[in-house]
file protein.txt (compact mmCIF, C-alpha atoms)
# COMPACT_ATOMS: atom_id res chain seq x y z
CA MET A 128 113.94 141.48 107.17
CA ALA A 129 117.74 141.68 106.99
CA SER A 130 118.03 141.60 110.80
CA PHE A 131 115.70 138.57 110.94
CA LEU A 132 117.81 136.67 108.40
CA ASN A 133 120.96 137.65 110.24
CA THR A 134 119.56 136.32 113.52
CA PHE A 135 118.32 133.15 111.85
CA PHE A 136 121.68 132.29 110.26
CA GLN A 137 123.49 133.03 113.52
CA SER A 138 121.19 130.60 115.35
CA ILE A 139 121.94 127.72 112.95
CA THR A 140 125.66 128.41 112.54
CA PRO A 141 127.74 125.91 114.57
CA PRO A 142 130.23 127.34 117.06
CA PRO A 143 133.80 127.77 115.80
CA VAL A 144 136.28 124.99 116.42
CA VAL A 145 138.56 125.86 119.32
CA THR A 146 142.07 124.52 118.74
CA PRO A 147 144.15 124.36 121.94
CA GLU A 148 147.42 126.20 121.84
CA HIS A 149 149.33 123.26 123.32
CA TYR A 150 148.65 119.81 121.78
CA ASP A 151 150.79 116.88 122.86
CA GLY A 152 148.83 114.10 121.13
CA TYR A 153 149.37 112.27 117.88
CA GLU A 154 148.92 114.33 114.73
CA LEU A 155 149.37 114.04 110.97
CA ARG A 156 150.63 116.95 108.90
CA TRP A 157 150.68 117.52 105.15
CA LYS A 158 151.63 121.01 104.10
CA ALA A 159 148.97 123.30 105.58
CA LEU A 160 146.67 120.45 106.63
CA VAL A 161 146.81 119.07 110.18
CA PHE A 162 144.85 116.08 111.49
CA ARG A 163 144.63 115.63 115.27
CA PRO A 164 142.66 112.44 116.13
CA ALA A 165 142.40 113.21 119.86
CA LEU A 166 140.19 116.21 119.08
CA LEU A 167 137.68 114.00 117.22
CA ARG A 168 137.14 111.35 119.89
CA THR A 169 133.36 111.84 120.05
CA GLU A 170 133.07 111.64 116.26
CA ALA A 171 135.18 108.48 116.28
CA TYR A 172 132.85 106.78 118.80
CA LEU A 173 129.86 107.83 116.72
CA LEU A 174 131.43 106.45 113.54
CA VAL A 175 132.23 103.13 115.25
CA GLY A 176 128.62 102.90 116.48
CA ILE A 177 127.23 103.55 113.01
CA LEU A 178 129.58 101.01 111.43
CA PHE A 179 128.61 98.41 114.06
CA TYR A 180 124.88 99.00 113.44
CA VAL A 181 125.31 98.76 109.65
CA LEU A 182 127.44 95.61 109.92
CA PHE A 183 125.00 94.03 112.41
CA GLY A 184 122.09 94.78 110.06
CA TYR A 185 123.90 93.38 107.02
CA LEU A 186 124.95 90.16 108.75
CA GLY A 187 121.51 89.70 110.37
CA ALA A 188 119.68 90.21 107.08
CA SER A 189 122.03 87.74 105.39
CA VAL A 190 121.46 85.11 108.09
CA ASN A 191 117.67 85.44 107.80
CA ALA A 192 117.69 85.25 104.01
CA ARG A 193 119.95 82.20 104.13
CA LYS A 194 117.71 80.46 106.69
CA ALA A 195 114.59 80.94 104.54
CA LYS A 196 116.31 79.96 101.28
CA ASN A 197 117.92 76.85 102.78
CA TRP A 198 114.66 75.62 104.33
CA LEU A 199 112.78 76.12 101.08
CA ALA A 200 115.55 74.48 99.05
CA VAL A 201 115.28 71.34 101.19
CA HIS A 202 111.49 71.13 100.73
CA LEU A 203 111.36 72.34 97.14
CA PRO A 204 111.57 68.78 95.68
CA THR A 205 108.40 67.95 97.63
CA TYR A 206 106.70 71.08 96.29
CA GLU A 207 107.78 70.22 92.76
CA ARG A 208 106.24 66.76 93.02
CA GLN A 209 102.99 68.09 94.45
CA PHE A 210 102.40 71.31 92.47
CA SER A 211 102.50 72.22 88.81
CA ARG A 212 103.68 75.69 89.93
CA PRO A 213 105.76 75.15 93.08
CA GLN A 214 107.13 78.71 93.08
CA ALA A 215 106.27 82.13 91.73
CA LYS A 216 108.43 83.45 88.89
CA GLY A 217 110.60 85.48 91.24
CA GLY A 218 111.05 82.61 93.68
CA LEU A 219 111.20 83.48 97.38
CA ILE A 220 109.70 86.90 98.08
CA SER A 221 111.02 89.07 100.94
CA ASP A 222 109.03 91.63 102.87
CA GLY A 223 111.76 93.41 104.79
CA ASN A 224 114.59 91.38 106.29
CA SER A 225 112.65 89.03 108.57
CA ASP A 226 109.56 88.02 106.56
CA PHE A 227 109.73 85.81 103.46
CA PHE A 228 107.02 84.20 101.33
CA ASN A 229 106.64 81.47 98.73
CA PHE A 230 103.49 80.81 96.69
CA SER A 231 102.60 77.42 95.22
CA THR A 232 99.55 76.37 93.23
CA GLY A 233 98.33 73.75 90.80
CA ARG A 234 97.28 70.68 92.77
CA ARG A 235 94.14 68.66 93.31
CA ASN A 236 92.29 69.59 96.54
CA VAL A 237 94.64 72.57 97.17
CA ALA A 238 93.81 75.99 95.75
CA SER A 239 97.14 77.41 96.94
CA LEU A 240 99.91 77.05 99.47
CA HIS A 241 101.52 80.06 101.13
CA THR A 242 104.82 79.26 102.83
CA ILE A 243 105.42 82.12 105.26
CA PHE A 244 108.68 82.61 107.14
CA THR A 245 108.59 84.83 110.24
CA LEU A 246 112.13 85.15 111.53
CA ARG A 247 113.72 87.07 114.37
CA PRO A 248 114.75 90.67 113.56
CA ARG A 249 118.46 89.91 113.38
CA HIS A 250 118.93 92.93 111.12
CA ASP A 251 117.74 95.39 113.78
CA PHE A 252 120.09 95.56 116.77
CA PHE A 253 117.73 97.50 119.04
CA GLN A 254 114.71 95.28 118.31
CA TRP A 255 116.85 92.19 118.81
CA VAL A 256 118.06 93.50 122.20
CA PHE A 257 114.46 94.35 123.15
CA GLN A 258 113.32 90.79 122.39
CA LEU A 259 116.26 89.36 124.33
CA GLY A 260 115.55 91.58 127.33
CA ARG A 261 111.84 90.77 127.29
CA THR A 262 112.59 87.05 127.66
CA PHE A 263 114.02 87.79 131.12
CA VAL A 264 110.91 89.72 132.18
CA ASP A 265 108.08 87.77 130.51
CA LEU A 266 108.48 84.03 131.03
CA HIS A 267 105.78 83.32 128.41
CA TYR A 268 107.53 85.35 125.72
CA ARG A 269 109.58 83.15 123.41
CA PRO A 270 110.83 84.78 120.19
CA VAL A 271 111.55 82.06 117.64
CA ASP A 272 111.94 81.56 113.92
CA ASP A 273 108.92 79.85 112.43
CA VAL A 274 107.58 78.80 109.06
CA GLN A 275 103.86 78.48 108.40
CA LEU A 276 102.45 76.34 105.61
CA ASP A 277 98.98 77.70 104.90
CA PHE A 278 97.07 75.33 102.59
CA LYS A 279 93.96 76.95 101.17
CA LEU A 280 91.68 74.05 100.30
CA ALA A 281 89.95 73.83 96.95
CA PRO A 282 86.12 73.83 96.96
CA GLY A 283 84.86 70.38 97.87
CA ALA A 284 88.11 69.22 99.47
CA LEU A 285 86.45 69.24 102.90
CA ALA A 286 82.71 68.69 103.06
CA ASP A 287 82.25 69.36 106.78
CA ASN A 288 82.61 72.68 108.60
CA PHE A 289 84.67 72.53 111.79
CA VAL A 290 87.75 73.88 113.54
CA TRP A 291 90.30 71.52 115.04
CA ALA A 292 93.93 71.81 116.08
CA VAL A 293 96.77 70.01 117.80
CA VAL A 294 99.27 72.37 119.42
CA ALA A 295 102.56 72.04 121.27
CA LYS A 296 101.96 72.94 124.93
CA ASP A 297 104.54 75.72 125.01
CA GLU A 298 102.82 77.27 121.99
CA LEU A 299 99.27 77.17 123.38
CA LEU A 300 99.16 80.72 124.82
CA SER A 301 100.60 82.27 121.66
CA VAL A 302 98.13 80.42 119.45
CA LYS A 303 95.14 81.57 121.48
CA ASN A 304 96.32 85.18 121.33
CA ASN A 305 96.93 85.18 117.57
CA ARG A 306 94.14 82.96 116.21
CA TRP A 307 90.53 84.06 116.68
CA ASP A 308 89.23 80.86 115.10
CA LEU A 309 90.82 78.80 117.90
CA THR A 310 89.48 80.86 120.80
CA PHE A 311 86.13 79.06 121.00
CA LEU A 312 87.62 75.55 121.12
CA ARG A 313 87.98 73.32 124.15
CA SER A 314 91.53 72.15 124.79
CA GLY A 315 92.92 69.12 126.60
CA GLU A 316 95.36 66.26 126.38
CA ASN A 317 94.60 63.16 124.36
CA PRO A 318 95.84 59.82 125.75
CA THR A 319 96.80 58.56 122.29
CA LEU A 320 99.13 61.52 121.62
CA PRO A 321 102.47 62.42 123.26
CA PRO A 322 102.05 64.54 126.42
CA HIS A 323 103.85 67.33 124.57
CA PHE A 324 100.64 68.02 122.59
CA VAL A 325 97.27 69.58 123.39
CA VAL A 326 94.20 68.92 121.24
CA MET A 327 91.78 71.79 120.59
CA THR A 328 88.36 70.84 119.25
CA GLU A 329 84.71 71.84 119.11
CA PHE A 330 83.42 68.32 119.71
CA ALA A 331 85.08 65.03 120.63
CA ASP A 332 83.56 63.41 117.52
CA VAL A 333 85.80 65.58 115.32
CA THR A 334 88.93 64.46 117.17
CA GLU A 335 87.93 60.80 117.00
CA ASN A 336 87.42 61.01 113.25
CA LEU A 337 90.69 62.80 112.56
CA LEU A 338 92.83 60.51 114.72
CA LYS A 339 91.45 57.26 113.36
CA PRO A 340 92.84 55.83 110.11
CA LEU A 341 91.48 57.58 107.01
CA GLY A 342 91.97 54.98 104.30
CA ASN A 343 95.72 54.32 104.04
CA PHE A 344 96.62 57.44 106.02
CA SER A 345 96.88 57.81 109.80
CA LEU A 346 97.38 61.29 111.27
CA LEU A 347 97.82 59.68 114.68
CA SER A 348 100.91 57.80 113.49
CA VAL A 349 102.38 61.01 112.08
CA LEU A 350 101.89 62.89 115.36
CA GLN A 351 103.33 60.03 117.40
CA ASP A 352 106.66 60.23 115.57
CA PRO A 353 109.20 61.50 118.17
CA LYS A 354 111.36 63.07 115.43
CA ILE A 355 108.85 65.90 114.88
CA LEU A 356 108.69 67.03 118.53
CA PRO A 357 111.57 69.58 118.35
CA PHE A 358 110.09 71.27 115.27
CA PHE A 359 106.31 70.89 115.51
CA ARG A 360 104.37 73.92 116.78
CA SER A 361 100.78 73.51 115.58
CA LEU A 362 98.51 71.90 113.02
CA SER A 363 94.99 73.20 112.47
CA ILE A 364 92.05 72.56 110.18
CA THR A 365 89.64 75.46 110.06
CA ASP A 366 86.64 76.82 108.20
CA GLN A 367 86.83 80.16 110.04
CA PRO A 368 89.03 83.24 109.46
CA ARG A 369 92.04 83.65 111.71
CA GLU A 370 91.06 87.24 112.54
CA ARG A 371 87.60 88.10 113.85
CA PRO A 372 85.48 89.43 110.95
CA VAL A 373 83.46 92.60 111.37
CA LEU A 374 80.43 91.06 109.64
CA PRO A 375 79.44 87.46 108.84
CA LEU A 376 81.23 86.32 105.71
CA ALA A 377 79.27 85.69 102.54
CA PRO A 378 79.27 82.07 101.30
CA GLU A 379 81.65 82.90 98.43
CA GLU A 380 84.10 84.52 100.90
CA ARG A 381 84.33 81.52 103.21
CA GLU A 382 87.55 79.51 102.95
CA LYS A 383 88.85 76.32 104.49
CA HIS A 384 92.49 75.98 105.47
CA VAL A 385 94.94 73.43 106.78
CA ILE A 386 97.74 75.29 108.56
CA LEU A 387 100.99 73.71 109.71
CA THR A 388 103.45 75.77 111.77
CA LEU A 389 107.01 74.56 112.31
CA SER A 390 110.25 75.83 113.75
CA ALA A 391 112.24 77.26 110.83
CA ASP A 392 115.53 75.61 111.70
CA SER A 393 117.20 75.19 108.32
CA SER A 394 119.97 73.03 109.83
CA TYR A 395 117.44 70.27 110.50
CA ALA A 396 114.97 70.99 107.71
CA GLU A 397 115.33 67.41 106.39
CA GLU A 398 113.72 66.12 109.60
CA THR A 399 110.40 67.80 108.71
CA ILE A 400 110.14 66.47 105.13
CA PRO A 401 108.03 63.41 106.17
CA LEU A 402 105.73 65.66 108.18
CA VAL A 403 105.19 68.06 105.26
CA ASN A 404 104.55 65.10 102.95
CA SER A 405 101.95 63.76 105.37
CA ILE A 406 99.94 67.00 105.21
CA PHE A 407 99.26 66.39 101.52
CA GLN A 408 98.01 62.92 102.42
CA LEU A 409 95.85 64.41 105.17
CA ILE A 410 94.27 66.89 102.74
CA ASP A 411 93.47 64.10 100.28
CA SER A 412 91.83 62.11 103.10
CA LEU A 413 89.65 64.85 104.62
CA ASN A 414 86.50 63.87 102.71
CA LYS A 415 86.69 60.40 104.28
CA ILE A 416 85.71 61.92 107.63
CA SER A 417 82.26 60.79 108.73
CA LEU A 418 80.84 62.93 111.54
CA ARG A 419 77.69 61.92 113.38
CA PRO A 420 74.49 63.72 112.26
CA GLU A 421 74.05 65.30 115.69
CA THR A 422 77.61 66.65 115.54
CA LYS A 423 76.94 68.22 112.15
CA SER A 424 73.74 69.79 113.49
CA LYS A 425 75.59 71.27 116.48
CA LEU A 426 78.37 72.62 114.24
CA LYS A 427 75.82 74.23 111.94
CA ARG A 428 73.87 75.75 114.83
CA PHE A 429 77.05 77.11 116.43
CA ARG A 430 78.01 78.87 113.19
CA GLU A 431 74.55 80.34 112.81
CA ASP A 432 74.73 81.69 116.38
CA MET A 433 78.22 83.06 115.71
CA ASP A 434 77.08 84.88 112.57
CA LYS A 435 74.11 86.26 114.47
CA ALA A 436 76.38 87.56 117.25
CA LEU A 437 78.76 89.15 114.71
CA LYS A 438 75.85 90.86 112.99
CA GLU A 439 74.45 92.16 116.29
CA ASP A 440 77.84 93.47 117.39
CA ALA A 441 78.30 95.23 114.03
CA GLU A 442 74.84 96.81 114.24
CA LYS A 443 75.47 97.93 117.82
CA GLU A 444 78.81 99.47 116.87
CA ALA A 445 77.27 101.22 113.85
CA LYS A 446 74.48 102.57 116.05
CA GLU A 447 76.99 103.91 118.58
CA GLU A 448 79.05 105.51 115.80
CA ALA A 449 75.92 107.15 114.37
CA GLN A 450 75.00 108.45 117.82
CA ASP A 451 78.51 109.84 118.33
CA ALA A 452 78.37 111.48 114.89
CA LYS A 453 75.00 113.03 115.72
CA ILE A 454 76.32 114.45 119.00
CA ALA A 455 79.43 115.78 117.27
CA ALA A 456 77.33 117.43 114.54
CA LYS A 457 75.06 119.01 117.16
CA ARG A 458 78.07 120.31 119.09
CA LYS A 459 79.62 121.74 115.91
CA ALA A 460 76.35 123.46 114.94
CA GLU A 461 76.12 124.99 118.42
CA GLN A 462 79.72 126.23 118.21
CA GLU A 463 79.06 127.79 114.81
CA ARG A 464 75.92 129.50 116.16
CA ILE A 465 77.83 130.96 119.12
CA ALA A 466 80.69 132.08 116.84
CA LYS A 467 78.25 134.28 114.90
CA LEU A 468 77.13 136.14 118.05
CA SER A 469 78.63 139.33 119.38
CA ALA A 470 81.33 139.18 122.05
CA ALA A 471 78.82 140.08 124.80
CA ASP A 472 76.32 137.43 123.67
CA GLN A 473 79.11 134.83 123.40
CA LYS A 474 80.09 135.58 126.98
CA LYS A 475 76.47 135.08 128.12
CA GLU A 476 76.23 131.75 126.27
CA LEU A 477 79.48 130.52 127.77
CA GLU A 478 78.26 131.49 131.26
CA LYS A 479 75.00 129.60 130.69
CA GLU A 480 76.95 126.55 129.57
CA ARG A 481 79.17 126.77 132.65
CA LYS A 482 76.18 126.94 135.00
CA ARG A 483 74.47 124.04 133.16
CA THR A 484 77.58 121.89 133.53
CA LEU A 485 77.87 122.81 137.22
CA ARG A 486 74.21 121.83 137.90
CA LYS A 487 74.75 118.47 136.18
CA SER A 488 77.85 117.73 138.23
CA GLN A 489 76.10 118.71 141.48
CA GLY A 490 73.17 116.47 140.59
CA LYS A 491 75.52 113.49 140.12
CA VAL A 492 77.13 114.17 143.51
CA VAL A 493 73.71 114.27 145.23
CA ARG A 494 72.61 110.96 143.59
CA LYS A 495 75.77 109.27 144.86

call {"tool": "encode", "arguments": {"input": "protein.txt", "output": "C-alpha cells"}}
result
Amino acid sequence: MASFLNTFFQSITPPPVVTPEHYDGYELRWKALVFRPALLRTEAYLLVGILFYVLFGYLGASVNARKAKNWLAVHLPTYERQFSRPQAKGGLISDGNSDFFNFSTGRRNVASLHTIFTLRPRHDFFQWVFQLGRTFVDLHYRPVDDVQLDFKLAPGALADNFVWAVVAKDELLSVKNNRWDLTFLRSGENPTLPPHFVVMTEFADVTENLLKPLGNFSLLSVLQDPKILPFFRSLSITDQPRERPVLPLAPEEREKHVILTLSADSSYAEETIPLVNSIFQLIDSLNKISLRPETKSKLKRFREDMDKALKEDAEKEAKEEAQDAKIAAKRKAEQERIAKLSAADQKKELEKERKRTLRKSQGKVVRK
C-alpha cells in the first residue's frame, strides 16, 4: 500500500522548476525573493487570454442587457396604457446573458403578452466567433438580435381558426425552419404589399379579410409604411402550436396567438412604436373578420385531418416502441438463460447463434 501511494504521489507531483545558472533578463529582488518575468512567459500569455475572455464576457453581457432594457423602456409607456400589469414585479427577467423576458397581462382580448429578446451571444467570445465565421460559409445564416411579442389571445378574441403570416423575404427560410404551424401554408407575394414581404396563408379568403379595412383599422396601411421595413421580420396569427405536438391537443389546451417579431435595435426603438400600437388595434378587430362558409368548412376539415394524422403517427410510434421493447426483453431473457448454463453449454449456444446468423446473412445474399 505504501509503495502504491508513493507511486501515485510521484505521478501527480509537478516537475521541479529549473532555474538557469545565467540569467540576463529583467528581475526584481526583495531580500530572499527573486521575480524573473522572462521565465513566466507562458503563464503571462495565459493570464492575458483569461483576462481578455473575462473582459469580453463582461462587456458583451452589459451590451445585451442594455439593449433589452433600452428597447423595453421605449415601449413601456405603450404597455402601461394597454395593460393593468405591464411588467412582472422583478421587471425584465434574464435567462443567461443573451435571453431576456417581460410578462404583461390585464387587458381585454389579451390573456398575456410575452416580450422575448433573443440577442447575439456577445458574452461568449468563442460562440460569437463561430457565428461570425458561419456567415462566410452559409449565405442563409444571419445572426441578428430580435424581439418577439407573443400575444396570447383571450378566449373569444378570435372566433375563426386559421394560420396566417406576413414575413420579410430574407426571414422566410428561418421562419419555416422554426415554426411548425407555418409549414403547411402556401406563400407568395401580394400586389398590395411592398415586394419586401411574402404572405403565407391557408386560403386566399383569409388574406383578403385581413388586408381589407376592419372597422377603423387597416392592417394593409400599417404594412405599407416604409418606416417599418428595416425592423419588421414577421407577423403571424395562429391557432396552432409553434412546435409539432405529439398528440392532438385537447380543446382546453388550444391557444390562439398573434406574434410580432422585430429587429431589437434599441437605437431606433422609437420607430417601431406605431407598429406595436397597431397590433393592439389588430387584436381588437379580429372578430370583425367574416370568412366565407366554404372557407370555414375547409379550415375545419384540414384541422380534423391534421389531428387524425398526428394520432396515427403517435400510435405508430408507440407500436414500434412496444415492439422494440418486446425484442429487447426477449434478448435479455435469452442472455440470462445462457448465463445460467455451464461454460460448455454456453459455448454450444454461442456456436448455434453464430451459425444461425451466418445462414441468415447467406440467405440475404442469395435473394439479392

call {"tool": "residues_near_point", "arguments": {"input": "protein.txt", "point": "(80.4, 63.2, 119.5)", "cutoff": "12 Å", "atoms": "only C-alpha atoms", "output": "list in words"}}
result
Thr328, Glu329, Phe330, Ala331, Asp332, Val333, Thr334, Glu335, Asn336, Ser417, Leu418, Arg419, Pro420, Glu421, Thr422, Lys423, Ser424, Lys425 and Leu426 of chain A

call {"tool": "residues_around", "arguments": {"input": "protein.txt", "residues": "region 296-302 of chain A", "least_positions_apart": "6", "cutoff": "10 Å", "atoms": "all atoms listed in the file", "output": "PyMOL selection string"}}
result
chain A and resi 267-269+308-310+314-316+322-327+359-361

call {"tool": "atom_distance", "arguments": {"input": "protein.txt", "atom1": "CA of Leu199 (chain A)", "atom2": "CA of Gln214 (chain A)"}}
result
10.1 Å

call {"tool": "closest_residue", "arguments": {"input": "protein.txt", "among": "A:Leu312, A:Leu259, A:Ala238, A:Leu362", "to": "Val294 (chain A)", "atoms": "all atoms listed in the file"}}
result
A:Leu362

call {"tool": "atom_distance", "arguments": {"input": "protein.txt", "atom1": "CA of Phe344 (chain A)", "atom2": "CA of Ser405 (chain A)"}}
result
8.3 Å

call {"tool": "closest_residue", "arguments": {"input": "protein.txt", "among": "A:Gln462, A:Asn414, A:Gln489, A:Thr388", "to": "Ala295 (chain A)", "atoms": "all atoms listed in the file"}}
result
A:Thr388

call {"tool": "closest_atom_pairs", "arguments": {"input": "protein.txt", "of": "region 345-382 of chain A", "to": "region 272-282 of chain A", "cutoff": "12 Å", "atoms": "all atoms listed in the file", "output": "JSON lines"}}
result
{"residue": "A:Phe358", "atom": "CA", "partner": "A:Asp273", "partner_atom": "CA", "distance": 9.1}
{"residue": "A:Phe359", "atom": "CA", "partner": "A:Asp273", "partner_atom": "CA", "distance": 9.8}
{"residue": "A:Arg360", "atom": "CA", "partner": "A:Asp273", "partner_atom": "CA", "distance": 8.6}
{"residue": "A:Ser361", "atom": "CA", "partner": "A:Gln275", "partner_atom": "CA", "distance": 9.3}
{"residue": "A:Leu362", "atom": "CA", "partner": "A:Leu276", "partner_atom": "CA", "distance": 9.5}
{"residue": "A:Ser363", "atom": "CA", "partner": "A:Asp277", "partner_atom": "CA", "distance": 9.7}
{"residue": "A:Ile364", "atom": "CA", "partner": "A:Phe278", "partner_atom": "CA", "distance": 9.5}
{"residue": "A:Thr365", "atom": "CA", "partner": "A:Lys279", "partner_atom": "CA", "distance": 10.0}
{"residue": "A:Asp366", "atom": "CA", "partner": "A:Leu280", "partner_atom": "CA", "distance": 9.8}
{"residue": "A:Gln367", "atom": "CA", "partner": "A:Lys279", "partner_atom": "CA", "distance": 11.8}
{"residue": "A:Pro368", "atom": "CA", "partner": "A:Lys279", "partner_atom": "CA", "distance": 11.5}
{"residue": "A:Arg369", "atom": "CA", "partner": "A:Asp277", "partner_atom": "CA", "distance": 11.4}
{"residue": "A:Pro378", "atom": "CA", "partner": "A:Pro282", "partner_atom": "CA", "distance": 11.6}
{"residue": "A:Glu379", "atom": "CA", "partner": "A:Pro282", "partner_atom": "CA", "distance": 10.2}
{"residue": "A:Glu380", "atom": "CA", "partner": "A:Pro282", "partner_atom": "CA", "distance": 11.6}
{"residue": "A:Arg381", "atom": "CA", "partner": "A:Pro282", "partner_atom": "CA", "distance": 10.1}
{"residue": "A:Glu382", "atom": "CA", "partner": "A:Lys279", "partner_atom": "CA", "distance": 7.1}

call {"tool": "closest_residue", "arguments": {"input": "protein.txt", "among": "A:Arg486, A:Arg428, A:Lys354, A:Arg212", "to": "Ala396 (chain A)", "atoms": "all atoms listed in the file"}}
result
A:Lys354

call {"tool": "atom_distance", "arguments": {"input": "protein.txt", "atom1": "CA of Asn305 (chain A)", "atom2": "CA of Val373 (chain A)"}}
result
16.6 Å

call {"tool": "closest_residue", "arguments": {"input": "protein.txt", "among": "A:Ser488, A:Leu413, A:Pro164, A:Val403", "to": "Leu203 (chain A)", "atoms": "only C-alpha atoms"}}
result
A:Val403

call {"tool": "axis_aligned_box", "arguments": {"input": "protein.txt", "around": "region 337-351 of chain A", "padding_each_side": "4 Å", "output": "lines of an AutoDock Vina configuration file"}}
result
center_x = 97.0
center_y = 58.6
center_z = 110.7
size_x = 20.6
size_y = 16.6
size_z = 21.4

call {"tool": "closest_residue", "arguments": {"input": "protein.txt", "among": "A:Ile355, A:Leu468, A:Ala445, A:Ile416", "to": "Pro401 (chain A)", "atoms": "all atoms listed in the file"}}
result
A:Ile355

call {"tool": "residues_around", "arguments": {"input": "protein.txt", "residues": "Thr319 (chain A)", "least_positions_apart": "5", "cutoff": "9 Å", "atoms": "only C-alpha atoms", "output": "VMD selection string"}}
result
chain A and resid 338 347 351

call {"tool": "residues_near_point", "arguments": {"input": "protein.txt", "point": "(104.5, 64.8, 107.5)", "cutoff": "10 Å", "atoms": "all atoms listed in the file", "output": "list in words"}}
result
Leu346, Ser348, Val349, Leu350, Asp352, Ile355, Leu387, Glu398, Thr399, Ile400, Pro401, Leu402, Val403, Asn404, Ser405, Ile406, Phe407, Gln408 and Leu409 of chain A
